Structure formats: C-alpha cells, structure tokens
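Remarks on the structure that follows.
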Amino acid sequence: MVKKFLSDQEVIQKVLDQIDNKTTDLGDEVWREPVVNYRSEQRFVRELELFKRLPIVFCPSAMVREKGSYIARNVAGVPLLAVRGQDNIVRVFYNSCRHRGMMLAEGTGTTPKFVCPYHAWAYGLDGELLNIAGREGFPDVELKSHGLVKVKTEEKGGLVFITQKEPLSSGALDQLPDLISPDQKVFDYSTFIDTANWKILLETAMEGYHIRALHNKTFYPYGFDNLNIVETIGMNSRIVFPFRRIEKLRKISKKNWRADGMLTYVTQIYPNTRLSILSNHYQLVIMEPISVEASQWHVYRLTPPGSSSSEHDLEKSKKDASFVKDTGVEEDRDAACSIQKGLSGDGNTHFTFGKFEKAIVHFHRQLTEHINNLCV
Ligand code: FES
Ligand SMILES: [Fe+2]
C-alpha cells in the first residue's frame, strides 16, 4: 500500500494532543554529521555527481505553463533549458547550441523557437534543428542529427523533474504525493546567492526546535517552539509547524477542521527542494549548490489552490509572501551564513542532530548512503 501523509484532521488532532501532553515528534536516533562534509571540495564533487544521478526538481510545472514558455538554469553546474512544446509536453535540454556550444536562452520567457545568439542556428520547441544560417558552409551537416540534446524529464505532482545521468535511485519520485495543483500560478520568481553550503540552508527549515531562540520576535509570537509533526515517506519528509490559533479548533466540531491558516506544512523533496504551504500562498525553494560555501536560491511563489485570478486574491498572496520574506527567513539565512563562517575553524569535528531534528537525520542518512554508493 502506498504510504500517505496524515490528513488535515489527523494532523490537527495530533497537534492538539502534543499541546496537551507538552510533547513533540521524536526521531529514533541522534546523528553525528562530520563537518568535513560541509567544507570538503571532494565531498562537494561527489554531491554534484549525485545531483546528476537523481531526479532533481527543475521548476514547478506552472513556470512553463504555456506553449513556448521556458526557463533556463544550472543544475549541478550544468546549464539546462526547459520549455513546453506545441504538443504540451515539457522537455529539458542541455542549454548548449550544437554548432559551437553557446547557451540558447537565459532566465525566463516565451518564444516560438530558439535562435542562437552567436550564429543564429534555430531550434524548434521540441529541440529539432530547424535552420542553419549560411547552409552552404555546412554541406554535410544533417539537421536531423543536430537537434538539442535532451535530458530525462518527467512532470509529477506539479513539478518538473530532470535526471542527467543513469539514476542511482528513484529518489524523490518514490511515493511522491501530488503537491501543486494545475490551477496554481507563479506570481513571483526570484534568485539570489547566500554564502553557505546548500545543506546548512535547507536544514534551517527542517526542524522547529529553534523557533523560540532564533525567531523570538518573528515566528514565535504566532507559533510554538519545538512542537512539530514530522513524517517521512520514501526519501521525502513533511514537517508541520502549527500556529497558536490552532487551539481555537477545540471549540469546533472535528468534521469542520481545516488546516488552512492553522499550520504550515513544509515538505522536503529530496535532495534540495522544499515546498511550504503558507496561509495565502505556496513557496517552492530549490537550493542549487554553487560551491562548497555558496548556494543559489530559486524561490517560486504560487497562488494557493482554488484561488481566483482577482486582484484581491493576488494581493492577499503577496502580503502573506512579504511577511514570510521580511521576517523569519532572513533570520534563518543569517544563521546558515554564521554556521558557514565557523566551519573555517576546528571548533567542531561534527554537528549533532538530536531526536527533535528527525527530518534532518532522515535527510543525512539517505544522502550518506547515496554518496557511499557513488563510484567516483
Ligand atoms: S554557437 Fe550557436 S550558432 Fe554558432
Ligand atoms: Fe527558522
């Protein structure tokens, strides 16, 4: 039987029980992660190789919603280009012209075809080479065999996944639930770089043990400290961060309980993506490793399921997004960068993740196994 995350009602009941019993979900072991894994070039090279051999979230499907809409970005240092074809299929290609390798597109946009900026070779949305400028200069070059080279691509649960090389495992796709519905739209996309290892940045959202200490004036007035439900399915996990107002539901009949506005679900999609379901929007973060100590955030903000396209609904989503952006997340980013600075010394041989940090332990257990299974 396919394992599923708990229903809203089950989650709310569990949260109310945790409040009554002053408990939280606990993992089954304390994990010691060597700090060398956050600062070693050798380890980083292995991680990039792993990123080529696992299904990786490239972008939300909503980012390439229309025919001809595209987005370019690097995955494991490799420039790739995703585009929705005339047949409605999303394809991802190496972003490298078949003449002399120039990138065909950068950023995002919509186009009927890709024309290389260097010598104007033109490609269709399906990657086929349509035209060679100055055809007589290339008499024996067949158009057919010079289309863009595809990367394995599949859309699942509202996300576009790519796998560059022979996969080591089914990774995040193993029992992945549908996470983003087709009616949700991207209303904001931004990227920026932080000076911290990609794992440290992701770890900040995988536990609620730091809510009172780090987010004392931001999240803590609305949420609980160290009171979370942590579920794991396959390689992914989901952490529930309840709001204090969830206690209002005690007065309401259970059949009318809704999680909306009462808690935040944060799903960690192995290895480097997370989806947060916030009060009036969804936030998808993809953490792209740039170097051992730098990572690029790709942040997508989406309207919630079932919301109308009205200005009013969009304003609600934007307001919610700016609250999250301006407050707690900055504190998490600063914490990650502070940890990274400390890695230059010998203050720690390992980091210790306790039983409250169960989702992080799940992540490292899986990552360690995969890295050990790589032959590089
Ligand atoms: S490199 Fe693209 S046309 Fe020359
Ligand atoms: Fe945090």
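Going by the structure tokens order, chains are called A, B, ..., each with residues numbered from 1, while ligands are numbered from 1 in the order shown.
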
Contacts to ligand 1 at 6 Å cut-off (only C-alpha atoms and all ligand atoms) as a CSV table (one decimal) with C-alpha atoms, in the first residue's frame:
chain,number,residue,atom,x,y,z
A,97,CYS,CA,24.0,25.1,-29.2
A,99,HIS,CA,27.3,24.5,-33.5
A,100,ARG,CA,29.8,25.7,-31.0
A,101,GLY,CA,28.0,25.4,-27.7
A,102,MET,CA,26.6,28.9,-26.9
A,116,CYS,CA,21.3,31.0,-31.1
A,118,TYR,CA,26.1,33.5,-31.8
A,119,HIS,CA,25.5,32.5,-35.4
A,120,ALA,CA,21.7,32.2,-35.4
A,121,TRP,CA,21.2,28.4,-35.8

Practice problem: With only C-alpha atoms and all ligand atoms counted, collect every polymer residue having an atom within 6 Å of ligand 2; state the result as a ChimeraX atom specification. | Solution: /A:204-205,332

For those residues, write C-alpha atoms to a file as a PDB file, in the first residue's frame.
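Done, and the output landed in selection09.pdb:
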ATOM      1  CA  THR A 204      17.066  25.554   8.796  1.00  0.00           C
ATOM      2  CA  ALA A 205      13.533  24.653   7.691  1.00  0.00           C
ATOM      3  CA  ASP A 332      17.360  31.507   9.038  1.00  0.00           C
TER       4      ASP A 332
END

Output as a tab-separated table one row per residue of stretch 43-113 of chain A within 9 Å of stretch 146-155 of chain A: the closest atom pair and its distance in Å to one decimal place, counting only C-alpha atoms, sorted by chain and residue number ascending.
residue	atom	partner	partner_atom	distance
A:Pro55	CA	A:Thr153	CA	8.6
A:Pro60	CA	A:Glu155	CA	8.8
A:Ser61	CA	A:Glu155	CA	7.0
A:Leu80	CA	A:Val151	CA	8.4
A:Val90	CA	A:Thr153	CA	7.5
A:Arg91	CA	A:Thr153	CA	6.2
A:Val92	CA	A:Val151	CA	5.6
A:Phe93	CA	A:Lys150	CA	4.3
A:Tyr94	CA	A:Val149	CA	5.8
A:Asn95	CA	A:Leu148	CA	7.9
A:Ser96	CA	A:Leu148	CA	7.4
A:Cys97	CA	A:Leu148	CA	7.0
A:Arg98	CA	A:His146	CA	6.0
A:His99	CA	A:His146	CA	8.3

Exercise. Pull the helix (DSSP H, G or I) assignments for stretch 180-215 of chain A out of DSSP run on the backbone, and list those residues as a ChimeraX atom specification.
Key: /A:198-203,211-214

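Residues in contact with A:Arg53 at 10 Å, where only C-alpha atoms are counted and same-chain residues fewer than 2 positions away are skipped, are listed as Glu47, Leu48, Glu49, Leu50, Phe51, Pro55, Ile56, Ile162, Thr163, Gln164, Lys165, Glu166, Pro167, Leu168, Ser169, Ser170, Gly171, His370 and Leu374 of chain A.
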
Requested write-out: all heavy atoms of the selected residues, as a compact mmCIF listing (two decimals), in the first residue's frame:
# COMPACT_ATOMS: atom_id res chain seq x y z
N GLU A 47 28.79 15.23 -4.36
CA GLU A 47 27.39 15.68 -4.28
C GLU A 47 26.89 16.12 -5.66
O GLU A 47 25.76 15.80 -6.04
CB GLU A 47 27.26 16.81 -3.26
CG GLU A 47 27.38 16.31 -1.83
CD GLU A 47 27.37 17.42 -0.78
OE1 GLU A 47 27.42 18.60 -1.14
OE2 GLU A 47 27.31 17.09 0.41
N LEU A 48 27.74 16.84 -6.39
CA LEU A 48 27.31 17.27 -7.74
C LEU A 48 27.07 16.05 -8.63
O LEU A 48 26.12 16.03 -9.42
CB LEU A 48 28.35 18.19 -8.38
CG LEU A 48 28.50 19.60 -7.81
CD1 LEU A 48 29.29 20.47 -8.77
CD2 LEU A 48 27.17 20.27 -7.50
N GLU A 49 27.94 15.07 -8.50
CA GLU A 49 27.75 13.85 -9.29
C GLU A 49 26.41 13.19 -8.90
O GLU A 49 25.64 12.76 -9.76
CB GLU A 49 28.93 12.88 -9.04
CG GLU A 49 28.83 11.55 -9.74
CD GLU A 49 28.83 11.64 -11.28
OE1 GLU A 49 29.20 12.69 -11.82
OE2 GLU A 49 28.42 10.64 -11.92
N LEU A 50 26.12 13.18 -7.61
CA LEU A 50 24.84 12.61 -7.15
C LEU A 50 23.66 13.40 -7.73
O LEU A 50 22.64 12.82 -8.12
CB LEU A 50 24.80 12.61 -5.62
CG LEU A 50 23.52 12.04 -5.00
CD1 LEU A 50 23.35 10.57 -5.36
CD2 LEU A 50 23.50 12.22 -3.50
N PHE A 51 23.80 14.73 -7.77
CA PHE A 51 22.73 15.57 -8.32
C PHE A 51 22.47 15.25 -9.80
O PHE A 51 21.40 15.53 -10.32
CB PHE A 51 23.08 17.06 -8.17
CG PHE A 51 22.62 17.65 -6.87
CD1 PHE A 51 22.94 17.08 -5.67
CD2 PHE A 51 21.84 18.80 -6.85
CE1 PHE A 51 22.52 17.62 -4.46
CE2 PHE A 51 21.40 19.36 -5.66
CZ PHE A 51 21.74 18.78 -4.46
N PRO A 55 16.67 12.16 -9.66
CA PRO A 55 15.67 13.11 -10.17
C PRO A 55 15.73 14.37 -9.31
O PRO A 55 15.68 14.30 -8.08
CB PRO A 55 14.34 12.38 -9.97
CG PRO A 55 14.69 10.97 -9.64
CD PRO A 55 16.06 10.97 -9.05
N ILE A 56 15.89 15.51 -9.97
CA ILE A 56 16.02 16.81 -9.29
C ILE A 56 14.87 17.70 -9.75
O ILE A 56 14.53 17.71 -10.94
CB ILE A 56 17.37 17.47 -9.69
CG1 ILE A 56 18.57 16.64 -9.22
CG2 ILE A 56 17.46 18.92 -9.22
CD1 ILE A 56 18.85 16.67 -7.74
N ILE A 162 14.15 16.47 -13.53
CA ILE A 162 15.10 16.06 -14.56
C ILE A 162 16.12 15.10 -13.95
O ILE A 162 16.40 15.15 -12.75
CB ILE A 162 15.86 17.25 -15.17
CG1 ILE A 162 16.59 18.07 -14.09
CG2 ILE A 162 14.92 18.14 -15.95
CD1 ILE A 162 18.06 17.95 -14.15
N THR A 163 16.66 14.21 -14.79
CA THR A 163 17.76 13.35 -14.34
C THR A 163 18.80 13.36 -15.46
O THR A 163 18.49 13.02 -16.59
CB THR A 163 17.29 11.89 -14.11
OG1 THR A 163 16.04 11.92 -13.42
CG2 THR A 163 18.29 11.11 -13.28
N GLN A 164 20.00 13.80 -15.15
CA GLN A 164 21.01 13.98 -16.21
C GLN A 164 21.70 12.70 -16.62
O GLN A 164 22.10 12.53 -17.76
CB GLN A 164 22.06 15.00 -15.76
CG GLN A 164 21.49 16.39 -15.54
CD GLN A 164 22.58 17.43 -15.34
OE1 GLN A 164 23.55 17.49 -16.07
NE2 GLN A 164 22.41 18.28 -14.35
N LYS A 165 21.91 11.79 -15.64
CA LYS A 165 22.64 10.56 -15.95
C LYS A 165 21.85 9.37 -15.46
O LYS A 165 20.85 9.53 -14.75
CB LYS A 165 24.00 10.57 -15.25
CG LYS A 165 25.01 11.54 -15.82
CD LYS A 165 26.35 11.28 -15.14
CE LYS A 165 27.43 12.23 -15.57
NZ LYS A 165 28.68 12.00 -14.79
N GLU A 166 22.33 8.19 -15.75
CA GLU A 166 21.71 6.95 -15.27
C GLU A 166 21.38 7.08 -13.78
O GLU A 166 22.27 7.27 -12.95
CB GLU A 166 22.72 5.82 -15.49
CG GLU A 166 22.21 4.42 -15.23
CD GLU A 166 20.98 4.09 -16.06
OE1 GLU A 166 20.87 4.54 -17.22
OE2 GLU A 166 20.11 3.39 -15.51
N PRO A 167 20.08 7.01 -13.40
CA PRO A 167 19.76 7.29 -11.99
C PRO A 167 20.23 6.21 -11.02
O PRO A 167 20.18 5.03 -11.31
CB PRO A 167 18.23 7.37 -11.99
CG PRO A 167 17.77 6.77 -13.26
CD PRO A 167 18.91 6.78 -14.23
N LEU A 168 20.69 6.72 -9.89
CA LEU A 168 21.14 5.83 -8.82
C LEU A 168 19.93 5.23 -8.09
O LEU A 168 19.96 4.12 -7.59
CB LEU A 168 21.96 6.68 -7.84
CG LEU A 168 22.78 5.99 -6.79
CD1 LEU A 168 23.96 5.28 -7.42
CD2 LEU A 168 23.30 7.03 -5.78
N SER A 169 18.85 6.02 -8.01
CA SER A 169 17.61 5.54 -7.39
C SER A 169 16.47 6.43 -7.87
O SER A 169 16.71 7.44 -8.54
CB SER A 169 17.71 5.58 -5.86
OG SER A 169 17.27 6.82 -5.36
N SER A 170 15.26 6.04 -7.52
CA SER A 170 14.11 6.86 -7.94
C SER A 170 14.00 8.12 -7.09
O SER A 170 13.18 9.00 -7.37
CB SER A 170 12.82 6.06 -7.88
OG SER A 170 12.67 5.51 -6.60
N GLY A 171 14.83 8.25 -6.05
CA GLY A 171 14.93 9.49 -5.27
C GLY A 171 13.58 9.99 -4.79
O GLY A 171 12.75 9.25 -4.29
N HIS A 370 23.64 7.37 -0.33
CA HIS A 370 23.80 7.62 -1.77
C HIS A 370 25.23 8.01 -2.13
O HIS A 370 25.78 7.54 -3.13
CB HIS A 370 22.83 8.73 -2.23
CG HIS A 370 21.44 8.23 -2.46
ND1 HIS A 370 20.34 9.04 -2.47
CD2 HIS A 370 20.99 6.97 -2.71
CE1 HIS A 370 19.26 8.31 -2.72
NE2 HIS A 370 19.63 7.06 -2.86
N LEU A 374 28.10 5.95 -4.70
CA LEU A 374 28.61 6.52 -5.97
C LEU A 374 30.00 5.97 -6.25
O LEU A 374 30.81 5.83 -5.35
CB LEU A 374 28.77 8.04 -5.84
CG LEU A 374 27.55 8.92 -6.02
CD1 LEU A 374 27.98 10.36 -5.79
CD2 LEU A 374 26.95 8.76 -7.41

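The residue set within 12 Å of A:Ser322, counting only C-alpha atoms and dropping same-chain residues fewer than 5 places from it, reads Asp188, Leu278, Asn280, His281, Gln283, Arg301, Glu315, Lys316, Ser317, Thr327, Gly328, Val329 and Glu330 of chain A.
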
Suppose we keep C-alpha atoms; can you now write the selection as a PDB file, in the first residue's frame?
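Result saved to result_10.pdb:
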ATOM      1  CA  ASP A 188       6.827  35.755  -8.147  1.00  0.00           C
ATOM      2  CA  LEU A 278       1.596  29.091   3.861  1.00  0.00           C
ATOM      3  CA  ASN A 280      -2.267  32.502   1.382  1.00  0.00           C
ATOM      4  CA  HIS A 281       0.418  31.157  -0.899  1.00  0.00           C
ATOM      5  CA  GLN A 283       6.544  28.812  -1.613  1.00  0.00           C
ATOM      6  CA  ARG A 301       5.724  31.907  -5.012  1.00  0.00           C
ATOM      7  CA  GLU A 315      -2.857  40.967  -3.070  1.00  0.00           C
ATOM      8  CA  LYS A 316      -3.591  38.553  -0.208  1.00  0.00           C
ATOM      9  CA  SER A 317      -0.948  36.155  -1.533  1.00  0.00           C
ATOM     10  CA  THR A 327      10.823  38.239   8.871  1.00  0.00           C
ATOM     11  CA  GLY A 328      11.804  34.741   9.822  1.00  0.00           C
ATOM     12  CA  VAL A 329      13.509  33.612   6.644  1.00  0.00           C
ATOM     13  CA  GLU A 330      16.143  36.346   6.950  1.00  0.00           C
TER      14      GLU A 330
END

Quiz prompt | Who sits within 7 Å of stretch 190-195 of chain A, only C-alpha atoms, same chain under 4 positions skipped, as a PyMOL selection string | solution = chain A and resi 293-300+337

Self-check item: Within 12 Å of A:Arg245 using only C-alpha atoms, minus same-chain residues under 2 positions, as a ChimeraX atom specification
Solution: /A:12,15-16,19,221-224,241-243,247-251,259-263
